[in-house]
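Trainee: Here you go, model13.txt (compact mmCIF, N, CA and C atoms):
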# COMPACT_ATOMS: atom_id res chain seq x y z
N MET A 52 23.00 10.35 53.41
CA MET A 52 22.96 9.99 52.02
C MET A 52 22.23 8.66 51.88
N SER A 53 21.32 8.59 50.95
CA SER A 53 20.60 7.34 50.73
C SER A 53 21.07 6.70 49.44
N ILE A 54 20.90 5.40 49.36
CA ILE A 54 21.33 4.64 48.19
C ILE A 54 20.22 4.64 47.15
N THR A 55 20.58 4.93 45.91
CA THR A 55 19.59 4.94 44.83
C THR A 55 19.82 3.71 43.93
N HIS A 56 18.85 3.43 43.05
CA HIS A 56 18.94 2.26 42.19
C HIS A 56 20.16 2.29 41.27
N ASP A 57 20.56 3.46 40.80
CA ASP A 57 21.74 3.52 39.93
C ASP A 57 23.04 3.31 40.72
N MET A 58 23.01 3.52 42.02
CA MET A 58 24.19 3.31 42.85
C MET A 58 24.38 1.85 43.23
N ILE A 59 23.34 1.04 43.22
CA ILE A 59 23.43 -0.34 43.69
C ILE A 59 24.42 -1.14 42.84
N GLU A 60 24.54 -0.81 41.57
CA GLU A 60 25.49 -1.51 40.69
C GLU A 60 26.94 -1.17 41.04
N LYS A 61 27.16 -0.07 41.76
CA LYS A 61 28.51 0.35 42.12
C LYS A 61 28.95 -0.16 43.49
N ILE A 62 28.07 -0.86 44.19
CA ILE A 62 28.42 -1.40 45.50
C ILE A 62 29.25 -2.67 45.29
N ILE A 63 30.45 -2.70 45.82
CA ILE A 63 31.32 -3.86 45.72
C ILE A 63 31.53 -4.39 47.15
N PRO A 64 30.96 -5.55 47.44
CA PRO A 64 31.13 -6.11 48.79
C PRO A 64 32.59 -6.41 49.10
N LEU A 65 32.95 -6.36 50.37
CA LEU A 65 34.30 -6.64 50.82
C LEU A 65 34.44 -8.12 51.19
N SER A 66 35.67 -8.59 51.20
CA SER A 66 36.02 -9.94 51.63
C SER A 66 35.19 -10.99 50.90
N ASP A 67 34.51 -11.85 51.64
CA ASP A 67 33.74 -12.94 51.02
C ASP A 67 32.24 -12.63 51.01
N ARG A 68 31.88 -11.37 50.94
CA ARG A 68 30.47 -10.99 50.95
C ARG A 68 29.93 -10.94 49.52
N VAL A 69 28.61 -11.17 49.41
CA VAL A 69 27.93 -11.20 48.12
C VAL A 69 26.67 -10.35 48.23
N LEU A 70 26.44 -9.46 47.26
CA LEU A 70 25.24 -8.63 47.20
C LEU A 70 24.21 -9.35 46.35
N LEU A 71 23.02 -9.58 46.92
CA LEU A 71 21.97 -10.35 46.26
C LEU A 71 20.70 -9.53 46.10
N ARG A 72 20.00 -9.77 44.98
CA ARG A 72 18.68 -9.17 44.76
C ARG A 72 17.67 -10.31 44.78
N PRO A 73 16.57 -10.16 45.51
CA PRO A 73 15.58 -11.24 45.57
C PRO A 73 14.89 -11.45 44.23
N VAL A 74 14.56 -12.71 43.94
CA VAL A 74 13.80 -13.08 42.76
C VAL A 74 12.44 -13.53 43.26
N GLU A 75 11.39 -12.99 42.66
CA GLU A 75 10.03 -13.35 43.08
C GLU A 75 9.78 -14.84 42.94
N ALA A 76 9.26 -15.46 43.97
CA ALA A 76 8.89 -16.87 43.90
C ALA A 76 7.60 -17.02 43.10
N ASP A 77 7.47 -18.15 42.42
CA ASP A 77 6.26 -18.40 41.66
C ASP A 77 5.06 -18.47 42.61
N LYS A 78 3.98 -17.83 42.21
CA LYS A 78 2.78 -17.84 43.03
C LYS A 78 1.78 -18.87 42.54
N VAL A 79 2.08 -19.50 41.38
CA VAL A 79 1.22 -20.53 40.83
C VAL A 79 2.10 -21.73 40.47
N THR A 80 1.71 -22.92 40.89
CA THR A 80 2.49 -24.11 40.56
C THR A 80 2.25 -24.50 39.11
N ALA A 81 3.03 -25.46 38.63
CA ALA A 81 2.90 -25.93 37.25
C ALA A 81 1.52 -26.52 36.99
N SER A 82 0.90 -27.07 38.02
CA SER A 82 -0.44 -27.66 37.85
C SER A 82 -1.56 -26.65 38.05
N GLY A 83 -1.21 -25.38 38.34
CA GLY A 83 -2.22 -24.33 38.42
C GLY A 83 -2.68 -24.00 39.82
N ILE A 84 -2.06 -24.57 40.84
CA ILE A 84 -2.44 -24.27 42.22
C ILE A 84 -1.84 -22.93 42.62
N ILE A 85 -2.67 -22.04 43.13
CA ILE A 85 -2.22 -20.71 43.56
C ILE A 85 -1.69 -20.81 44.99
N LEU A 86 -0.45 -20.36 45.18
CA LEU A 86 0.18 -20.41 46.49
C LEU A 86 0.00 -19.08 47.21
N PRO A 87 -0.43 -19.11 48.47
CA PRO A 87 -0.54 -17.87 49.23
C PRO A 87 0.85 -17.36 49.62
N ASP A 88 0.96 -16.08 49.94
CA ASP A 88 2.25 -15.51 50.33
C ASP A 88 2.83 -16.21 51.55
N SER A 89 1.99 -16.68 52.45
CA SER A 89 2.47 -17.33 53.67
C SER A 89 3.14 -18.66 53.39
N ALA A 90 2.95 -19.26 52.22
CA ALA A 90 3.54 -20.56 51.90
C ALA A 90 5.05 -20.47 51.72
N ASN A 91 5.58 -19.31 51.38
CA ASN A 91 7.01 -19.16 51.12
C ASN A 91 7.76 -18.45 52.25
N LYS A 92 7.14 -18.21 53.38
CA LYS A 92 7.77 -17.41 54.44
C LYS A 92 8.97 -18.09 55.09
N GLU A 93 8.94 -19.39 55.32
CA GLU A 93 9.99 -20.05 56.07
C GLU A 93 10.98 -20.82 55.20
N ARG A 94 10.89 -20.72 53.90
CA ARG A 94 11.76 -21.46 53.01
C ARG A 94 13.00 -20.64 52.64
N PRO A 95 14.08 -21.32 52.23
CA PRO A 95 15.22 -20.57 51.70
C PRO A 95 14.77 -19.76 50.49
N SER A 96 15.43 -18.67 50.23
CA SER A 96 14.98 -17.75 49.21
C SER A 96 15.88 -17.78 47.98
N LEU A 97 15.29 -17.43 46.84
CA LEU A 97 15.98 -17.39 45.56
C LEU A 97 16.44 -15.96 45.30
N TYR A 98 17.72 -15.81 44.89
CA TYR A 98 18.30 -14.49 44.67
C TYR A 98 19.12 -14.49 43.38
N GLU A 99 19.36 -13.28 42.85
CA GLU A 99 20.30 -13.05 41.76
C GLU A 99 21.51 -12.34 42.33
N VAL A 100 22.69 -12.74 41.90
CA VAL A 100 23.92 -12.11 42.35
C VAL A 100 24.09 -10.77 41.62
N ILE A 101 24.29 -9.71 42.36
CA ILE A 101 24.54 -8.39 41.79
C ILE A 101 26.04 -8.11 41.75
N SER A 102 26.75 -8.41 42.84
CA SER A 102 28.21 -8.27 42.86
C SER A 102 28.79 -9.12 43.99
N CYS A 103 30.08 -9.41 43.85
CA CYS A 103 30.79 -10.25 44.82
C CYS A 103 32.07 -9.57 45.26
N GLY A 104 32.47 -9.87 46.49
CA GLY A 104 33.76 -9.42 46.97
C GLY A 104 34.86 -10.29 46.37
N PRO A 105 36.12 -9.97 46.64
CA PRO A 105 37.24 -10.70 46.05
C PRO A 105 37.50 -12.07 46.67
N GLY A 106 36.89 -12.36 47.80
CA GLY A 106 37.17 -13.61 48.52
C GLY A 106 37.95 -13.29 49.78
N LYS A 107 38.39 -14.34 50.49
CA LYS A 107 39.15 -14.09 51.71
C LYS A 107 40.25 -15.13 51.85
N THR A 108 41.09 -14.93 52.83
CA THR A 108 42.18 -15.84 53.11
C THR A 108 41.86 -16.61 54.38
N ASP A 109 42.01 -17.94 54.35
CA ASP A 109 41.73 -18.73 55.55
C ASP A 109 42.89 -18.63 56.54
N LYS A 110 42.78 -19.32 57.67
CA LYS A 110 43.80 -19.21 58.72
C LYS A 110 45.16 -19.77 58.33
N ASN A 111 45.22 -20.58 57.25
CA ASN A 111 46.48 -21.13 56.77
C ASN A 111 47.09 -20.30 55.64
N GLY A 112 46.46 -19.18 55.30
CA GLY A 112 46.97 -18.30 54.26
C GLY A 112 46.53 -18.68 52.85
N VAL A 113 45.60 -19.64 52.74
CA VAL A 113 45.10 -20.06 51.43
C VAL A 113 43.95 -19.15 51.02
N GLU A 114 44.04 -18.63 49.80
CA GLU A 114 43.01 -17.72 49.30
C GLU A 114 41.76 -18.51 48.89
N ILE A 115 40.61 -18.09 49.39
CA ILE A 115 39.34 -18.73 49.05
C ILE A 115 38.60 -17.80 48.10
N LYS A 116 38.49 -18.21 46.84
CA LYS A 116 37.81 -17.42 45.81
C LYS A 116 36.30 -17.67 45.87
N ILE A 117 35.53 -16.70 45.41
CA ILE A 117 34.09 -16.85 45.34
C ILE A 117 33.73 -17.33 43.94
N ASP A 118 33.05 -18.46 43.86
CA ASP A 118 32.71 -19.09 42.59
C ASP A 118 31.33 -18.64 42.11
N LEU A 119 31.12 -17.34 42.06
CA LEU A 119 29.85 -16.78 41.59
C LEU A 119 30.14 -15.61 40.66
N ARG A 120 29.21 -15.36 39.77
CA ARG A 120 29.31 -14.24 38.84
C ARG A 120 28.00 -13.45 38.88
N LYS A 121 28.07 -12.24 38.37
CA LYS A 121 26.87 -11.41 38.28
C LYS A 121 25.79 -12.15 37.49
N TRP A 122 24.57 -12.07 37.95
CA TRP A 122 23.36 -12.67 37.38
C TRP A 122 23.20 -14.16 37.68
N ASP A 123 24.17 -14.79 38.36
CA ASP A 123 23.95 -16.17 38.80
C ASP A 123 22.75 -16.19 39.74
N ARG A 124 22.01 -17.27 39.70
CA ARG A 124 20.89 -17.44 40.64
C ARG A 124 21.33 -18.38 41.74
N VAL A 125 21.04 -17.99 42.97
CA VAL A 125 21.47 -18.77 44.13
C VAL A 125 20.32 -18.90 45.12
N ILE A 126 20.48 -19.87 46.02
CA ILE A 126 19.54 -20.05 47.12
C ILE A 126 20.30 -19.72 48.39
N SER A 127 19.71 -18.88 49.22
CA SER A 127 20.32 -18.49 50.48
C SER A 127 19.26 -18.55 51.57
N GLY A 128 19.70 -18.76 52.79
CA GLY A 128 18.78 -18.79 53.91
C GLY A 128 18.05 -17.47 54.06
N GLN A 129 16.82 -17.54 54.45
CA GLN A 129 15.98 -16.34 54.53
C GLN A 129 16.46 -15.36 55.59
N TYR A 130 17.04 -15.85 56.67
CA TYR A 130 17.41 -14.97 57.78
C TYR A 130 18.91 -14.69 57.84
N SER A 131 19.66 -15.09 56.82
CA SER A 131 21.10 -14.83 56.83
C SER A 131 21.39 -13.47 56.19
N GLY A 132 22.49 -12.87 56.59
CA GLY A 132 22.92 -11.62 55.97
C GLY A 132 22.24 -10.39 56.52
N ASP A 133 22.55 -9.27 55.87
CA ASP A 133 22.00 -7.97 56.26
C ASP A 133 21.23 -7.38 55.10
N ASP A 134 20.12 -6.73 55.41
CA ASP A 134 19.27 -6.14 54.38
C ASP A 134 19.69 -4.71 54.07
N VAL A 135 19.59 -4.35 52.79
CA VAL A 135 19.84 -2.99 52.32
C VAL A 135 18.62 -2.60 51.49
N LYS A 136 17.83 -1.66 51.97
CA LYS A 136 16.61 -1.28 51.27
C LYS A 136 16.89 -0.12 50.31
N VAL A 137 16.50 -0.33 49.04
CA VAL A 137 16.65 0.69 48.01
C VAL A 137 15.30 0.80 47.31
N GLY A 138 14.60 1.90 47.52
CA GLY A 138 13.27 2.04 46.97
C GLY A 138 12.36 0.97 47.56
N ASP A 139 11.70 0.20 46.70
CA ASP A 139 10.82 -0.87 47.16
C ASP A 139 11.53 -2.22 47.23
N THR A 140 12.79 -2.27 46.82
CA THR A 140 13.53 -3.53 46.78
C THR A 140 14.46 -3.64 47.98
N THR A 141 14.45 -4.80 48.63
CA THR A 141 15.35 -5.06 49.74
C THR A 141 16.43 -6.02 49.26
N TYR A 142 17.65 -5.51 49.12
CA TYR A 142 18.79 -6.33 48.73
C TYR A 142 19.36 -6.98 49.98
N LYS A 143 20.19 -7.98 49.79
CA LYS A 143 20.78 -8.69 50.92
C LYS A 143 22.27 -8.82 50.69
N ILE A 144 23.05 -8.57 51.74
CA ILE A 144 24.49 -8.80 51.70
C ILE A 144 24.77 -9.96 52.64
N VAL A 145 25.29 -11.06 52.07
CA VAL A 145 25.54 -12.27 52.86
C VAL A 145 26.98 -12.72 52.69
N ALA A 146 27.47 -13.45 53.68
CA ALA A 146 28.78 -14.09 53.55
C ALA A 146 28.63 -15.27 52.59
N TYR A 147 29.66 -15.54 51.82
CA TYR A 147 29.64 -16.60 50.81
C TYR A 147 29.23 -17.95 51.42
N GLU A 148 29.64 -18.20 52.65
CA GLU A 148 29.33 -19.48 53.28
C GLU A 148 27.84 -19.69 53.55
N TYR A 149 27.05 -18.63 53.52
CA TYR A 149 25.61 -18.74 53.78
C TYR A 149 24.81 -18.94 52.51
N ILE A 150 25.47 -18.99 51.36
CA ILE A 150 24.78 -19.32 50.13
C ILE A 150 24.69 -20.83 50.05
N LEU A 151 23.48 -21.35 49.99
CA LEU A 151 23.26 -22.78 50.08
C LEU A 151 23.51 -23.51 48.78
N ALA A 152 23.16 -22.89 47.64
CA ALA A 152 23.29 -23.55 46.34
C ALA A 152 23.29 -22.52 45.22
N LYS A 153 23.90 -22.94 44.10
CA LYS A 153 23.89 -22.15 42.87
C LYS A 153 23.00 -22.91 41.89
N ILE A 154 22.13 -22.20 41.22
CA ILE A 154 21.21 -22.82 40.26
C ILE A 154 21.80 -22.66 38.88
N SER A 155 22.02 -23.81 38.20
CA SER A 155 22.61 -23.75 36.87
C SER A 155 21.57 -23.93 35.78
Transcribe the structure of this file into structure tokens.
Mentor:
Amino acid sequence: MSITHDMIEKIIPLSDRVLLRPVEADKVTASGIILPDSANKERPSLYEVISCGPGKTDKNGVEIKIDLRKWDRVISGQYSGDDVKVGDTTYKIVAYEYILAKIS
């Protein structure tokens, strides 16, 4: 069975995992300089949150909630998590701890 685009909205990550969709990086700077694709290869990547797991419990029994909502934009390391390919889009499932920042 393969995953289709209408099914991606029904995927609910477990524990402290987050399902992310990549957001295209700007290819032209504000001053008009065109950036080649190779310029963004080693940088952290920008993503939109599609869904989040419920969180997890630490070793002391304290519940750790995920402070993200659907459509939040986040920055995550390029090589963290696992890829899920649906059509031409590669989604990423990462642990909450690998999300570097939330963009407000």
Trainee: Could you give me the residues within chain A that DSSP places in strand (DSSP E), as a PyMOL selection string?
Mentor: chain A and resi 68-73+96-103+107-108+114-115+124-127+133-137+140-146+150-154
Trainee: As an MDAnalysis selection string, please: the residues near Ile150 (chain A) (cut-off 9 Å, only C-alpha atoms, same-chain neighbours under 3 positions excluded).
Mentor: chainID A and resid 69 125:128 131 145:147 153
Trainee: Using only C-alpha atoms, which residue out of A:Asp118, A:Gly112, A:Ser102, A:Lys136 lies closest to Leu70 (chain A)?
Mentor: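 Among the listed residues, A:Ser102 lies closest to Leu70 (chain A).
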Trainee: Using only N, CA and C atoms, which of the listed residues (A:Ser66, A:Ser155, A:Ser82, A:Thr55) sits closest to Thr108 (chain A)?
Mentor: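 For Thr108 (chain A), the nearest of the given residues is A:Ser66.
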Trainee: One decimal, Å: what's the distance from atom N of Ser96 (chain A) over to CA of Leu71 (chain A), could you say?
Mentor: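 For atom N of Ser96 (chain A) relative to CA of Leu71 (chain A), the distance reads 11.3 Å.
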